[in-house]
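Q: My questions will all concern the structure given below.
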Amino acid sequence: MEDVADLLAGLERQCRLIAELPAEFSLPFTAKRQNIRDAVDMAEALAERVAALRNRAHTQPAPLDPPLTVFSEAVPDEVLRILRWVVPGGVPLLALADVNLDRLIGENAYLGVTPERFFISEQNAVRKQGTIERQFPLSDIRYVRFRERDKRGPVLDVITTDENIRLTFDDWAGKGQGLDDACRLGNLLAAAMDLPESERRTDPLLSGESSTGRAITR
């Protein structure tokens, strides 16, 4: 029954996600294809029945309401509705930002932070496909640098164990509330910075051991 419940939870999540995407879909549910709205209702009804058989409540991830948002205006409602079904495990979304990938041809992207991870994904991948492209444990963050720029949006560098990630903000984030929010996002990620003992190094040239007791001759 637990396996059935997990399967139905995944099915309901995927149906609800597809229903939020811009294209209208149908699914091969039962003996024929069903309109996605009908498929959502059927998946929910099955999940509720299995939950009742297990004497447990049928639950769903709560709507997302990140306390920190870095956008020129309000976060689009459809983005939060999609991410509700995409963010793993139904964990809270602490922050969400409108950023740019630092590439030759820049792409608009979303940067999100949960209590355990942060993710980066092109905006079209989220809004059209309902996917998050890259995720990183917060424990992998080694260094974070936030830098303001004259007449342009700031730069956010996040150094992980395997990657150097550079993100930029549009001009609206270069002053006022936009700058304050972007700076706080940098501080949030910087709060996770950590260098495990296994990665620390020492060298006698910096510890002073190489010159200790050494006589000076002429």
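Convention: chains lettered A, B, ... in structure tokens order; per-chain residue numbering from 1; ligands numbered from 1 as shown.
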Residues near Leu185 of chain A, anyone? I mean within 10 Å using only C-alpha atoms, not counting same-chain ones fewer than 6 positions away, as a ChimeraX atom specification.

A: /A:68-70,94-97,111-113,146,156,179,191

Q: Could you pull out the helix (DSSP H, G or I) residues of segment 35-197 of chain A from DSSP and send them as an MDAnalysis selection string?

A: chainID A and resid 36:53 77:84 88:90 123:129 138:140 171:174 176:190 197

Q: Please determine, counting only C-alpha atoms, which residue among A:Glu122, A:Asp171, A:Asp157, A:Glu116 has the shortest atom-to-atom distance to Phe71 of chain A.

A: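 For Phe71 of chain A, the nearest of the candidates is A:Asp171.
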
Q: Could you give me, as a PyMOL selection string, the residues within 8 Å of Leu80 of chain A, counting only C-alpha atoms and dropping anything in the same chain fewer than 6 positions from it?

A: chain A and resi 63-65

Q: Let me see the file: selected residues, N, CA and C atoms, as a CSV table (one decimal), in the first residue's frame.

A:
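Generated file (part10.csv):
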chain,number,residue,atom,x,y,z
A,63,PRO,N,1.0,25.8,-1.2
A,63,PRO,CA,1.4,26.8,-2.2
A,63,PRO,C,2.7,27.6,-1.8
A,64,LEU,N,3.5,27.9,-2.7
A,64,LEU,CA,4.8,28.5,-2.4
A,64,LEU,C,4.6,30.0,-2.2
A,65,ASP,N,5.3,30.5,-1.2
A,65,ASP,CA,5.2,31.9,-0.8
A,65,ASP,C,6.6,32.3,-0.3

Q: Using only C-alpha atoms, which protein or nucleic acid residues come within 12 Å of segment 125-137 of chain A? Drop anything in the same chain fewer than 5 positions from it, and give the result as a ChimeraX atom specification.

A: /A:13-24,76-88,107-120,142,158-163,165,189,192-194

Q: Given only C-alpha atoms as the basis, pick out the residue of A:Ser139, A:Val99, A:Gly176, A:Asn124 nearest to Leu195 of chain A.

A: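 The answer is A:Ser139, which sits nearest to Leu195 of chain A.
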
Q: Provide the atom CA of Glu197 of chain A to atom CA of Asp140 of chain A distance in Å, to one decimal place.

A: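 Separating atom CA of Glu197 of chain A from atom CA of Asp140 of chain A is a distance of 13.3 Å.
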
Q: What's the 9 Å shell around Ala62 of chain A, counting only C-alpha atoms, without same-chain residues fewer than 4 positions away, as an MDAnalysis selection string?

A: chainID A and resid 84 90:92

Q: What is the atom CA of Ala173 of chain A-atom CA of Ser121 of chain A distance in Å, reported with one decimal?

A: 19.3 Å

Q: Residues of segment 62-106 of chain A in strand (DSSP E or B) according to DSSP, as a tab-separated table (two decimals) with C-alpha atoms, in the first residue's frame?

A:
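Once written, selection-v1.tsv looks like this:
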chain	number	residue	atom	x	y	z
A	68	LEU	CA	12.56	36.80	-0.30
A	69	THR	CA	11.90	37.59	-3.97
A	70	VAL	CA	14.20	39.51	-6.30
A	95	ALA	CA	14.00	32.78	-2.07
A	96	LEU	CA	13.37	33.18	-5.79
A	97	ALA	CA	15.16	35.60	-8.12
A	98	ASP	CA	15.06	36.75	-11.72
A	99	VAL	CA	18.68	36.48	-12.89
A	100	ASN	CA	20.72	36.14	-16.08
A	101	LEU	CA	23.13	33.36	-16.92

Q: Could you state the separation of atom CA of Trp172 of chain A and atom CA of Leu138 of chain A in Å, given to one decimal place?

A: 27.1 Å
